[in-house]
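Q: I have a structure here, written as structure tokens, and I will follow up with some questions on it.
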Amino acid sequence: LPGGVSLSSSGVLSGTPDNVAATFNFTVRVTDALSVTDDQALSLTITQALPGGQYSVTFDYNNLQDTFVVKDAATNHSTDNLVKLYTCELGTVCNRTILRWDMSALPNNISITTATLEMYFSQFEPDTNGGTASYNAYVYRMTTPAPTISTCTWLTYDGSNAWTSGGTNAMSAYESVTAIGQSFGWFNWNVLESAQGAYANGGKILYLALDSGPDHSWSNREFISANNASTSLRPKLSISYTQLTGPPPAPSVPPQGKGKFKAGTKGRWRSFR
């Protein structure tokens, strides 16, 4: 646990963390009246507080399903360890990446102020340098028909019902573009309008398509997927927001106890008595 924070024998987490941004891993053991025990690995992340009463959350692979579709193919790739972008001749899209983010953990009645998609570029197609030295990757919000990630292909959005050219009929105008060179690492896209639109729709499910534009030929980029063994390099969706009325929902408070519990603002703590 971080300095300044303790976990009592009754299970109450209390204290004010030291001014440090880090993730702390720990194991909790519970014992019942028959002395039967159960262990659970947990983690606690402390980040710097945002100014102006803003809150932040980062969605990781636990909130993500992803795949990529291949031009004219009826194959689903939702269990692959990479997702891919590939541009064929004359700017033709031949691989498109599709992501489904579950944002249901966001509280109601908020205003989303920033939203950033983060992907780790990890390799090219075998025996190439990825084609062009700089590859423009565009991000789009997808709406209707919403793809079923586990079954969608270039030909169908759910394994049986057709859509147009790998989902182009579900894609809005692109929101942002990021140039990806030939050095591996993290790359970011602004997806604020897409996240706001998905949140306003009420379902808090955000579908995104990552695509190449018409400005390349015979070029490709590949990214770590939600299924990759390198969990620390899997995609992320970072969101900041402002609560419009009232504080964010607080965690459950143990009865008849006193302590300080994290209440939604990373790095800030509220007291309940």
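Each chain in the structure tokens gets a letter, A, B, ..., in the order shown, and its residues are numbered from 1; ligands are numbered from 1 in order too.
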Residues near Gly181 in chain A, anyone? I mean within 12 Å using only C-alpha atoms, not counting same-chain ones fewer than 3 positions away, as a short mmCIF file (atom, residue, chain, number, x, y, z; two decimals) with all heavy atoms, in the first residue's frame.
A:
data_model
loop_
_atom_site.label_atom_id
_atom_site.label_comp_id
_atom_site.auth_asym_id
_atom_site.auth_seq_id
_atom_site.Cartn_x
_atom_site.Cartn_y
_atom_site.Cartn_z
N PHE A 121 1.99 0.76 -31.07
CA PHE A 121 2.46 0.29 -32.37
C PHE A 121 3.63 -0.66 -32.14
O PHE A 121 4.65 -0.27 -31.56
CB PHE A 121 2.86 1.50 -33.22
CG PHE A 121 3.66 1.20 -34.44
CD1 PHE A 121 3.33 0.15 -35.29
CD2 PHE A 121 4.75 1.99 -34.77
CE1 PHE A 121 4.08 -0.12 -36.42
CE2 PHE A 121 5.50 1.74 -35.90
CZ PHE A 121 5.17 0.67 -36.73
N SER A 122 3.50 -1.91 -32.62
CA SER A 122 4.48 -2.94 -32.23
C SER A 122 5.23 -3.58 -33.39
O SER A 122 6.31 -4.13 -33.17
CB SER A 122 3.78 -4.05 -31.44
OG SER A 122 2.81 -4.69 -32.26
N GLN A 123 4.69 -3.54 -34.61
CA GLN A 123 5.42 -4.17 -35.70
C GLN A 123 4.81 -3.84 -37.06
O GLN A 123 3.73 -3.26 -37.16
CB GLN A 123 5.46 -5.69 -35.52
CG GLN A 123 4.11 -6.40 -35.70
CD GLN A 123 4.24 -7.90 -35.50
OE1 GLN A 123 4.69 -8.36 -34.46
NE2 GLN A 123 3.83 -8.67 -36.50
N PHE A 124 5.56 -4.21 -38.12
CA PHE A 124 5.09 -4.11 -39.49
C PHE A 124 4.68 -5.50 -39.98
O PHE A 124 4.88 -6.49 -39.28
CB PHE A 124 6.19 -3.61 -40.42
CG PHE A 124 6.91 -2.38 -39.97
CD1 PHE A 124 8.24 -2.43 -39.61
CD2 PHE A 124 6.26 -1.16 -39.92
CE1 PHE A 124 8.92 -1.30 -39.21
CE2 PHE A 124 6.92 -0.01 -39.53
CZ PHE A 124 8.27 -0.08 -39.17
N ASN A 129 9.16 -2.69 -44.19
CA ASN A 129 9.37 -1.60 -43.25
C ASN A 129 8.07 -0.84 -43.01
O ASN A 129 8.07 0.31 -42.59
CB ASN A 129 10.44 -0.64 -43.76
CG ASN A 129 11.82 -1.25 -43.73
OD1 ASN A 129 12.14 -1.98 -42.80
ND2 ASN A 129 12.61 -0.98 -44.75
N GLY A 130 6.97 -1.49 -43.30
CA GLY A 130 5.67 -0.86 -43.11
C GLY A 130 5.27 0.03 -44.27
O GLY A 130 4.27 0.74 -44.20
N GLY A 131 6.05 -0.01 -45.35
CA GLY A 131 5.71 0.84 -46.48
C GLY A 131 6.23 2.25 -46.28
O GLY A 131 7.42 2.46 -46.07
N THR A 132 5.34 3.22 -46.29
CA THR A 132 5.75 4.62 -46.19
C THR A 132 6.37 4.92 -44.83
O THR A 132 6.02 4.31 -43.81
CB THR A 132 4.54 5.54 -46.40
OG1 THR A 132 3.51 5.16 -45.49
CG2 THR A 132 4.02 5.43 -47.82
N ALA A 133 7.30 5.88 -44.81
CA ALA A 133 7.99 6.23 -43.57
C ALA A 133 7.05 6.84 -42.55
O ALA A 133 7.23 6.70 -41.34
CB ALA A 133 9.13 7.21 -43.88
N SER A 134 6.01 7.54 -43.01
CA SER A 134 5.00 8.12 -42.11
C SER A 134 3.63 7.68 -42.61
O SER A 134 3.29 7.84 -43.79
CB SER A 134 5.10 9.64 -42.10
OG SER A 134 4.15 10.19 -41.21
N TYR A 135 2.85 7.12 -41.71
CA TYR A 135 1.57 6.50 -42.07
C TYR A 135 0.46 7.20 -41.29
O TYR A 135 0.45 7.19 -40.06
CB TYR A 135 1.62 5.02 -41.71
CG TYR A 135 0.45 4.18 -42.15
CD1 TYR A 135 0.49 3.48 -43.35
CD2 TYR A 135 -0.66 4.02 -41.33
CE1 TYR A 135 -0.56 2.66 -43.74
CE2 TYR A 135 -1.71 3.21 -41.71
CZ TYR A 135 -1.67 2.53 -42.92
OH TYR A 135 -2.71 1.72 -43.29
N ASN A 136 -0.48 7.83 -41.99
CA ASN A 136 -1.57 8.53 -41.32
C ASN A 136 -2.67 7.55 -40.95
O ASN A 136 -3.25 6.89 -41.81
CB ASN A 136 -2.13 9.62 -42.22
CG ASN A 136 -1.17 10.78 -42.38
OD1 ASN A 136 -0.38 11.06 -41.47
ND2 ASN A 136 -1.22 11.46 -43.51
N ALA A 137 -2.97 7.48 -39.65
CA ALA A 137 -4.02 6.61 -39.15
C ALA A 137 -5.17 7.46 -38.62
O ALA A 137 -4.96 8.31 -37.75
CB ALA A 137 -3.49 5.70 -38.04
N THR A 178 -3.47 10.63 -36.70
CA THR A 178 -2.15 10.60 -36.09
C THR A 178 -1.17 10.00 -37.09
O THR A 178 -1.43 8.95 -37.68
CB THR A 178 -2.14 9.77 -34.80
OG1 THR A 178 -2.97 10.42 -33.83
CG2 THR A 178 -0.74 9.62 -34.23
N PHE A 184 8.61 1.99 -32.96
CA PHE A 184 7.56 1.38 -32.16
C PHE A 184 7.33 2.19 -30.88
O PHE A 184 8.25 2.78 -30.32
CB PHE A 184 7.92 -0.06 -31.81
CG PHE A 184 8.19 -0.93 -33.02
CD1 PHE A 184 9.17 -1.90 -33.00
CD2 PHE A 184 7.45 -0.75 -34.18
CE1 PHE A 184 9.42 -2.69 -34.10
CE2 PHE A 184 7.67 -1.53 -35.30
CZ PHE A 184 8.67 -2.51 -35.26
N GLY A 185 6.08 2.17 -30.39
CA GLY A 185 5.75 2.87 -29.16
C GLY A 185 4.29 3.27 -29.12
O GLY A 185 3.48 2.86 -29.96
N TRP A 186 3.93 4.08 -28.12
CA TRP A 186 2.55 4.52 -27.91
C TRP A 186 2.19 5.66 -28.87
O TRP A 186 3.00 6.55 -29.11
CB TRP A 186 2.37 5.02 -26.48
CG TRP A 186 2.33 3.91 -25.46
CD1 TRP A 186 3.33 3.54 -24.62
CD2 TRP A 186 1.22 3.05 -25.19
NE1 TRP A 186 2.92 2.49 -23.83
CE2 TRP A 186 1.63 2.18 -24.15
CE3 TRP A 186 -0.07 2.94 -25.69
CZ2 TRP A 186 0.80 1.19 -23.63
CZ3 TRP A 186 -0.91 1.96 -25.18
CH2 TRP A 186 -0.48 1.10 -24.16
N PHE A 187 0.95 5.60 -29.38
CA PHE A 187 0.42 6.67 -30.20
C PHE A 187 -1.01 6.99 -29.72
O PHE A 187 -1.73 6.10 -29.25
CB PHE A 187 0.41 6.28 -31.68
CG PHE A 187 1.78 6.27 -32.28
CD1 PHE A 187 2.60 5.15 -32.15
CD2 PHE A 187 2.28 7.39 -32.94
CE1 PHE A 187 3.88 5.15 -32.69
CE2 PHE A 187 3.56 7.40 -33.48
CZ PHE A 187 4.36 6.27 -33.35
N SER A 219 1.08 -0.08 -47.61
CA SER A 219 1.67 0.29 -46.32
C SER A 219 0.84 -0.33 -45.19
O SER A 219 -0.35 -0.62 -45.37
CB SER A 219 1.71 1.81 -46.15
OG SER A 219 2.53 2.39 -47.15
N ASN A 220 1.46 -0.51 -44.03
CA ASN A 220 0.77 -1.17 -42.93
C ASN A 220 1.35 -0.77 -41.59
O ASN A 220 2.51 -0.34 -41.50
CB ASN A 220 0.83 -2.69 -43.09
CG ASN A 220 2.25 -3.21 -43.05
OD1 ASN A 220 2.81 -3.46 -41.98
ND2 ASN A 220 2.88 -3.35 -44.23
N ARG A 221 0.52 -0.90 -40.54
CA ARG A 221 0.95 -0.74 -39.16
C ARG A 221 0.14 -1.74 -38.31
O ARG A 221 -1.03 -1.98 -38.58
CB ARG A 221 0.71 0.69 -38.64
CG ARG A 221 1.51 1.78 -39.36
CD ARG A 221 2.99 1.68 -39.11
NE ARG A 221 3.75 2.80 -39.65
CZ ARG A 221 4.28 2.85 -40.86
NH1 ARG A 221 4.11 1.83 -41.70
NH2 ARG A 221 4.99 3.90 -41.26
N GLU A 222 0.80 -2.30 -37.28
CA GLU A 222 0.15 -3.29 -36.42
C GLU A 222 0.31 -2.89 -34.96
O GLU A 222 1.36 -2.39 -34.56
CB GLU A 222 0.73 -4.68 -36.68
CG GLU A 222 0.56 -5.10 -38.13
CD GLU A 222 1.08 -6.51 -38.42
OE1 GLU A 222 1.62 -7.16 -37.48
OE2 GLU A 222 0.94 -6.95 -39.58
#
Q: Could you pull out the helix (DSSP H, G or I) residues of range 99-240 of chain A from DSSP and send them as an MDAnalysis selection string?
A: chainID A and resid 168:170 192:200 231:233
Q: Quick check, in Å to one decimal: how far apart do CA of Glu125 in chain A and CA of Ser194 in chain A lie?
A: 29.4 Å
Q: With a distance cut-off of 10 Å and only C-alpha atoms, select the neighbouring residues of Gly11 in chain A, excluding the residue or stretch itself and same-chain residues fewer than 5 positions from it, and output the selection as a list of chain:residue names.
A: A:Ser6, A:Val28, A:Arg29, A:Val30, A:Pro254
